[in-house]
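Comments concern the structure below.
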Amino acid sequence: MTDISPEPAAGGPGDERIPDDLSSLFADDPERRARLEESARNAVRGSRAGMADATTGTPRDLPVAAPEAGGLVFDDDDQDPDALPVPLPRSDSDGWTWKDAFPTGTFDSAAWAHRKKVFLHKIAWHAGHTHVYAWQLTRLSGIGVGAGARDAWHYYTAQEYADMVDTARRKGMAPDMIAALREERLETARGRRREPMLVGSVTAVFTVVAAAVAVAQVYGLLAASPAAMLTLGILSALGLREHHRRNPDASLSAAFNVAAAHTAGHAPLTDDLINRVLRIAKVFTKDEHQITLLEPIRPAEINGIEAKFKLPDDIQVSALLAKKEAIAGALDVETHWLDIRQDGSPTRASFWYCTSDPFGEPRVSPLVAEPERQDVWNRGILIGFNRRGLPVYLKLRHVMALLGGMSRTGKGMLLRNLIVGLGLDPRINLRLVAGAKPGEHRGYAPICSTFFGRRPDRLIHLLEGFLREAYRREAVLEDQGRAKFGEKDLAEFPLEILIIDEYKQYANTSMRIPDPSDDEGKRTIKACDRIAELLEEIAAFAAALNMTVLISTQDPDANTVPRGYKSNTGARAATRTGGAVQTNAILKDGATGAGLRAHEIPESLKGGAIVDIDGAPGELIRSYFIEDEEFDGAADLIAAGLELRRELDRAPGQFVDEIENYLIAVTGASSLAGGPTGSGRPAPAAHAGGVGTLVKVSVLELLLDAFDADADRITMADVRAYLTDHDPEKWGPLDGEADAAYTARVGKLLVADVEEALEGTGVELVAKSGIRFGKGPDGREIKGSGLFRKDVEAAVEAARNARK
Ligand SMILES: Nc1ncnc2c1ncn2[C@@H]1O[C@H](COP(=O)(O)OP(=O)(O)OP(=O)(O)O)[C@@H](O)[C@H]1O
């Protein structure tokens, strides 16, 4: 007999018994319990059916296979994947169990859960149509009464003779034959009237009816209902027989005229429903077209459902994809709630959809709860989830990348996911160049080998340094006779990732720099042209050298991103764009034609992005959320990344950094970890502290830093905005503070700080009013108070001299 009682001990005799309520095991470590619960919830989310299984909540040290990721993982061919090895085909004797003798899905709880749903839906559907059934039964009974009475009368009066007499008369047969027929009819009818069966059944019918009426009269309708039901049943059966005679080709159920359960709105998915939908969408055009389920239909991720089926031989998955909109319409769901993929052959499909918005709820990055080391090389960077709820990883090796979209659509959040992920892999050297507002990114500074903002000339030097490093690496490869670096080389040649945010600021800068080709140093060229030139040169060959550039830009047009760079990008992501032109400028040419319409991402879907990677079909995803407004949700992740790097001597400043060294050599200033203040403001290399060292910067230096690189004046409003970025607590508005009060308060604060910094120098720095700042977007002249660069420079100089 099989013993199904629980094991008496944990692992064997003598082991301690495991308590039923496992939470008691964590009584003195609630934090561990909370972590375990959290990871169990995550595991459930990642499971195929969104349900707990035997592995859920099991604490273990063994590495577990990552949940199946979205289709956007960019795979490279030359690396040894550290994923689980592909299982060998099973031999006949290998691991056969009795369960294998049953059809697939027989023991699958998720499949049974779906079957139960379909069954209950059918019951509910038919129960909800009882009024229709009642009416149809009554109608059929009516037909039954009519047909029964007619047949009985026909038999009772021997009507068949009437027909024979009629035919004989029409054919002009002899009158005596007609008379004989009449005589025979009378005889037969008389005989039938005496038949005990007929008399008995007529009497029985009338007795039952009369008895039912009498019972109903005396005891009420309920008491008579059994007899009434019996009568109704018999009469309906007669009616049904008559219906079948009249419509020999129609099915019996057609008599009830109730649509099949799968025609109900949002009915659970069945093969009938798929067939109907594909017929409505005109994918199936012949009567014999129908799908064959390859495995049972299963619930998938929280509110989704997945079916894997084989199409008829003459229809391919591409036909389904072409009719995706019509299929979504027939299912009554949004097009982006539906996901159809080829699954093994062109006629095998994996068909997934959900009945509520899969991106409706933002999801917090799992790294926030568990900031663990990432494997950016093999697995990629966790950036968000796809419509199936599966995590999406972006691989940034051996590619150049591009991210674009309109303002406030979630580019910053995508970058946030990328940067924290990159920070958590110590094999990456991350360099971040911000556009106009470096303050937004200062939280990332500690893990950045280089971080600065708004300095086109410094970006040029950085790109030159990057290029120099690329040539150095290329020379190594040449010496070794190899084509590209791989994972094994990461220790010596870490993956260099340079992110340029708000690239448009650099593409539009009016700064001019000395022309490098002019030996006399007299000619100048536009900084933006030099930046574009360097980017194109890097993009042409550096990817194979473990060197990647990612450009993020707002509202790009066809000319924003250098053509040579764009054509060498292997990974592109577009948040909501302003139109088809912008979409095509970010994603590959013709993207809109291929259905990658980033301009159609709903405005309400913050963080929604189409990720388009060479070699994989583009897909709509939503980035994970990492709090950015109420508080800095990335701070702990950056701290964890820094800690991890420090332990391995891979934090900025702990290793020889060829690129940052080049920058220091050329500019004399270091932007290691965002410079000494971590604000993205480079400082003379001698001032640069170690990792996270804070050096007090005078307010005058901050003011100088507030100027746009090529501007000779700045408005006080911009000064306030910059200072707020730098230190919101000191310079930002208080809660509920009116604009005028804020301006006056900060003005006084600034004057006091400036006076203190210039004390004893004899120099004064005050805001000047009536400065012209050129024309605003509305064409009107902007005039107001502000500062001139030359005045601030003079003040900084005076303060420095006084300090010496
Ligand atoms: N995946 C997401 N889930 C939830 N909210 C998000 C998501 N992505 C972005 N948001 C929210 O949308 C807003 C705009 O996002 P973000 O700042 O990243 O946009 P942006 O494109 O970088 O804007 P800008 O170009 O103006 O800097 C922010 O308030 C952010 O919290």
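Going by the structure tokens order, chains are called A, B, ..., each with residues numbered from 1, while ligands are numbered from 1 in the order shown.
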Within range 670-788 of chain A, find each residue whose DSSP state, derived from the backbone, is strand (DSSP E), and express the selection as an MDAnalysis selection string. chainID A and resid 670 683:684 713:715 768:775 781:788
Any chance you could list, as a VMD selection string, the residues in range 566-793 of chain A that come up alpha helix (DSSP H) when DSSP is run on the backbone? chain A and resid 566 580 to 586 635 to 647 658 to 667 699 to 706 716 to 726 728 to 731 739 to 757 789 to 793
Just-selected residues, C-alpha atoms written as a compact mmCIF listing (two decimals), in the first residue's frame:
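Written file, part38.txt:
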# COMPACT_ATOMS: atom_id res chain seq x y z
CA LYS A 566 22.71 55.30 -36.61
CA ALA A 580 6.35 58.61 -37.71
CA VAL A 581 9.41 60.66 -38.72
CA GLN A 582 10.76 60.63 -35.17
CA THR A 583 9.97 56.93 -34.82
CA ASN A 584 11.94 56.14 -37.96
CA ALA A 585 14.77 58.43 -36.81
CA ILE A 586 15.19 56.31 -33.69
CA ALA A 635 20.34 55.30 -4.16
CA ASP A 636 20.54 51.89 -2.49
CA LEU A 637 21.23 50.19 -5.80
CA ILE A 638 24.05 52.59 -6.58
CA ALA A 639 25.41 52.12 -3.06
CA ALA A 640 25.24 48.33 -3.52
CA GLY A 641 27.00 48.62 -6.90
CA LEU A 642 29.73 50.78 -5.38
CA GLU A 643 30.18 48.40 -2.48
CA LEU A 644 30.47 45.44 -4.85
CA ARG A 645 33.00 47.29 -6.98
CA ARG A 646 35.01 48.39 -3.97
CA GLU A 647 35.34 44.83 -2.75
CA GLU A 658 43.09 54.84 -19.66
CA ILE A 659 40.22 57.05 -20.77
CA GLU A 660 39.94 59.19 -17.63
CA ASN A 661 43.74 59.47 -17.58
CA TYR A 662 43.64 60.77 -21.14
CA LEU A 663 40.99 63.34 -20.14
CA ILE A 664 43.13 64.53 -17.25
CA ALA A 665 46.19 64.71 -19.45
CA VAL A 666 44.38 66.81 -22.05
CA THR A 667 42.19 69.00 -19.86
CA VAL A 699 29.41 79.22 -4.59
CA LEU A 700 31.38 81.21 -7.16
CA GLU A 701 32.59 78.03 -8.86
CA LEU A 702 29.06 76.76 -8.83
CA LEU A 703 27.89 79.95 -10.51
CA LEU A 704 30.51 79.56 -13.19
CA ASP A 705 29.41 76.02 -13.68
CA ALA A 706 25.82 77.11 -14.18
CA MET A 716 18.98 84.50 -12.52
CA ALA A 717 16.14 82.02 -13.08
CA ASP A 718 18.64 79.60 -14.66
CA VAL A 719 21.08 80.23 -11.81
CA ARG A 720 18.37 79.30 -9.30
CA ALA A 721 17.43 76.20 -11.29
CA TYR A 722 21.06 75.09 -11.43
CA LEU A 723 21.64 75.68 -7.75
CA THR A 724 18.44 73.76 -6.95
CA ASP A 725 19.71 70.87 -9.02
CA HIS A 726 22.95 70.97 -7.11
CA PRO A 728 17.66 71.12 -3.56
CA GLU A 729 17.50 71.42 0.21
CA LYS A 730 19.47 74.63 0.31
CA TRP A 731 18.41 76.28 -2.93
CA ASP A 739 7.39 82.24 -6.42
CA ALA A 740 8.07 85.82 -5.34
CA ALA A 741 8.93 84.81 -1.77
CA TYR A 742 11.20 82.03 -3.04
CA THR A 743 13.05 84.34 -5.45
CA ALA A 744 13.57 86.93 -2.72
CA ARG A 745 14.75 84.36 -0.14
CA VAL A 746 17.20 82.62 -2.47
CA GLY A 747 18.42 85.98 -3.76
CA LYS A 748 19.40 87.02 -0.23
CA LEU A 749 21.01 83.66 0.45
CA LEU A 750 23.07 83.92 -2.72
CA VAL A 751 24.21 87.47 -2.00
CA ALA A 752 25.34 86.42 1.49
CA ASP A 753 27.26 83.39 0.15
CA VAL A 754 28.90 85.42 -2.62
CA GLU A 755 29.93 88.15 -0.19
CA GLU A 756 31.44 85.56 2.11
CA ALA A 757 33.37 83.96 -0.75
CA ARG A 789 30.44 85.05 -17.49
CA LYS A 790 33.38 87.45 -17.47
CA ASP A 791 32.23 88.92 -14.11
CA VAL A 792 31.87 85.50 -12.54
CA GLU A 793 35.26 84.39 -13.93
Interatomic distance, atom 10 (N, counted along the ligand's line) of ligand 1 to CA of Gly412 in chain A (Å, one decimal):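 Atom-to-atom, atom 10 (N, counted along the ligand's line) of ligand 1 and CA of Gly412 in chain A are spaced 8.1 Å apart.
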Closest contacts (chain A/ligand 1, max 6 Å, only C-alpha atoms and all ligand atoms) as a Markdown table:
| residue | atom | partner | partner_atom_place_in_ligand_line | distance |
| --- | --- | --- | --- | --- |
| A:Pro362 | CA | ligand 1 | 3 (N) | 4.6 |
| A:Met406 | CA | ligand 1 | 21 (O) | 6.0 |
| A:Ser407 | CA | ligand 1 | 25 (O) | 3.7 |
| A:Arg408 | CA | ligand 1 | 23 (O) | 3.3 |
| A:Thr409 | CA | ligand 1 | 21 (O) | 4.0 |
| A:Gly410 | CA | ligand 1 | 18 (O) | 3.3 |
| A:Lys411 | CA | ligand 1 | 21 (O) | 3.8 |
| A:Gly412 | CA | ligand 1 | 22 (O) | 3.3 |
| A:Met413 | CA | ligand 1 | 18 (O) | 3.9 |
| A:Gln554 | CA | ligand 1 | 25 (O) | 5.9 |
| A:Lys606 | CA | ligand 1 | 6 (C) | 4.6 |
| A:Gly607 | CA | ligand 1 | 8 (N) | 3.4 |
| A:Arg622 | CA | ligand 1 | 1 (N) | 5.3 |
| A:Ser623 | CA | ligand 1 | 1 (N) | 4.0 |
| A:Tyr624 | CA | ligand 1 | 1 (N) | 4.7 |
| A:Phe625 | CA | ligand 1 | 3 (N) | 4.4 |
| A:Asp628 | CA | ligand 1 | 31 (O) | 5.7 |
Output N, CA and C atoms of each residue in that selection to a file, as a compact mmCIF listing (two decimals), in the first residue's frame.
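Dumped to result-v8.txt:
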# COMPACT_ATOMS: atom_id res chain seq x y z
N PRO A 362 2.24 49.93 -13.11
CA PRO A 362 3.71 49.97 -13.17
C PRO A 362 4.29 48.91 -12.26
N MET A 406 9.91 61.49 -26.86
CA MET A 406 9.56 62.86 -26.47
C MET A 406 9.86 63.07 -24.99
N SER A 407 9.76 64.33 -24.60
CA SER A 407 10.01 64.68 -23.21
C SER A 407 8.96 64.03 -22.30
N ARG A 408 9.35 63.62 -21.12
CA ARG A 408 8.47 63.05 -20.09
C ARG A 408 7.80 61.75 -20.54
N THR A 409 8.47 60.99 -21.36
CA THR A 409 7.86 59.74 -21.80
C THR A 409 8.55 58.52 -21.18
N GLY A 410 9.63 58.79 -20.42
CA GLY A 410 10.25 57.67 -19.71
C GLY A 410 11.64 57.30 -20.16
N LYS A 411 12.30 58.18 -20.94
CA LYS A 411 13.68 57.86 -21.34
C LYS A 411 14.57 57.80 -20.11
N GLY A 412 14.34 58.78 -19.20
CA GLY A 412 15.15 58.84 -17.99
C GLY A 412 15.00 57.57 -17.17
N MET A 413 13.77 57.00 -17.15
CA MET A 413 13.53 55.80 -16.35
C MET A 413 14.23 54.60 -16.99
N GLN A 554 16.17 63.51 -27.11
CA GLN A 554 14.77 63.90 -27.14
C GLN A 554 14.41 64.35 -28.55
N LYS A 606 3.43 55.66 -19.27
CA LYS A 606 4.77 56.20 -18.98
C LYS A 606 5.76 55.05 -18.92
N GLY A 607 6.84 55.20 -19.63
CA GLY A 607 7.85 54.13 -19.60
C GLY A 607 7.61 53.08 -20.68
N ARG A 622 7.40 47.79 -21.11
CA ARG A 622 7.32 48.92 -20.16
C ARG A 622 8.52 48.81 -19.23
N SER A 623 9.20 49.94 -19.05
CA SER A 623 10.38 49.88 -18.19
C SER A 623 9.94 49.65 -16.76
N TYR A 624 10.82 49.07 -15.97
CA TYR A 624 10.53 48.94 -14.54
C TYR A 624 10.61 50.32 -13.91
N PHE A 625 9.88 50.46 -12.84
CA PHE A 625 9.85 51.75 -12.17
C PHE A 625 10.85 51.75 -11.01
N ASP A 628 11.63 58.06 -8.62
CA ASP A 628 12.50 59.17 -9.01
C ASP A 628 11.95 60.52 -8.58
One decimal, Å: what's the distance from CA of Arg182 in chain A over to CA of Gly146 in chain A, could you say?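 Spanning CA of Arg182 in chain A to CA of Gly146 in chain A is a straight-line distance of 26.8 Å.
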Expressed in Å, the length from CA of Pro196 in chain A to CA of Gly148 in chain A is 18.3 Å
Nearby residues (only C-alpha atoms) at most 6 Å from Gly405 in chain A, same-chain spacing under 2 positions excluded, as a PyMOL selection string: chain A and resi 554-555+574-577
My list of candidates is A:Asp425, A:His266, A:Ile538, A:Ser552. Which is closest to Gly465 in chain A when distances are computed with only C-alpha atoms?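 Smallest separation from Gly465 in chain A among the options: A:Ile538.
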Per residue of range 554-643 of chain A within 12 Å of range 383-396 of chain A, which atom pair is closest and at what distance in Å (one decimal), using only C-alpha atoms, listed by chain and increasing number, as CSV?
residue,atom,partner,partner_atom,distance
A:Thr569,CA,A:Leu396,CA,10.5
A:Gly570,CA,A:Leu396,CA,8.9
A:Ala571,CA,A:Leu396,CA,7.8
A:Arg572,CA,A:Leu394,CA,10.0
A:Ala573,CA,A:Leu394,CA,10.0
A:Gly607,CA,A:Gly384,CA,8.9
A:Gly608,CA,A:Gly384,CA,9.2
A:Ala609,CA,A:Gly384,CA,9.5
A:Ile610,CA,A:Asn386,CA,9.9
A:Val611,CA,A:Leu394,CA,8.9
A:Asp612,CA,A:Leu394,CA,10.2
A:Ile613,CA,A:Leu394,CA,8.9
A:Asp614,CA,A:Lys395,CA,11.4
A:Ala616,CA,A:Leu394,CA,11.7
A:Gly618,CA,A:Asn386,CA,11.0
A:Glu619,CA,A:Asn386,CA,7.6
A:Leu620,CA,A:Asn386,CA,6.5
A:Ile621,CA,A:Asn386,CA,4.3
A:Arg622,CA,A:Gly384,CA,5.4
A:Ser623,CA,A:Gly384,CA,3.8
A:Tyr624,CA,A:Gly384,CA,4.5
A:Phe625,CA,A:Gly384,CA,8.2
A:Ile626,CA,A:Ile383,CA,10.6
Any idea what's packed within 9 Å of range 292-298 of chain A, counting only C-alpha atoms, ignoring anything in its chain fewer than 2 positions away? Could you give it as a CSV table (one decimal) with C-alpha atoms, in the first residue's frame?
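Result saved to out21.csv:
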chain,number,residue,atom,x,y,z
A,48,ARG,CA,4.3,30.1,-16.5
A,49,ALA,CA,0.9,30.2,-15.0
A,103,PRO,CA,-1.6,12.9,-23.0
A,104,THR,CA,0.3,16.1,-22.3
A,105,GLY,CA,-1.3,18.3,-19.8
A,106,THR,CA,-3.1,15.5,-17.9
A,108,ASP,CA,-0.7,20.0,-15.4
A,110,ALA,CA,-2.5,25.1,-14.8
A,111,ALA,CA,-4.2,23.3,-17.7
A,112,TRP,CA,-6.8,21.9,-15.3
A,113,ALA,CA,-7.4,25.3,-13.8
A,114,HIS,CA,-8.2,26.5,-17.3
A,115,ARG,CA,-10.4,23.5,-18.1
A,269,LEU,CA,-10.0,30.6,-24.6
A,270,THR,CA,-10.9,27.4,-26.3
A,271,ASP,CA,-10.0,25.9,-29.7
A,290,GLN,CA,-9.1,24.7,-38.2
A,300,ALA,CA,-0.1,32.6,-18.4
A,304,GLY,CA,-3.0,36.3,-19.7
A,305,ILE,CA,-3.8,33.0,-21.4
A,306,GLU,CA,-1.6,31.1,-23.8
A,307,ALA,CA,-2.4,28.5,-26.5
A,308,LYS,CA,0.0,26.7,-28.6
A,309,PHE,CA,-1.4,25.3,-31.8
A,310,LYS,CA,-0.7,24.1,-35.3
A,311,LEU,CA,-2.3,25.9,-38.2
A,312,PRO,CA,-3.7,24.2,-41.3
A,348,ARG,CA,3.1,26.4,-35.3
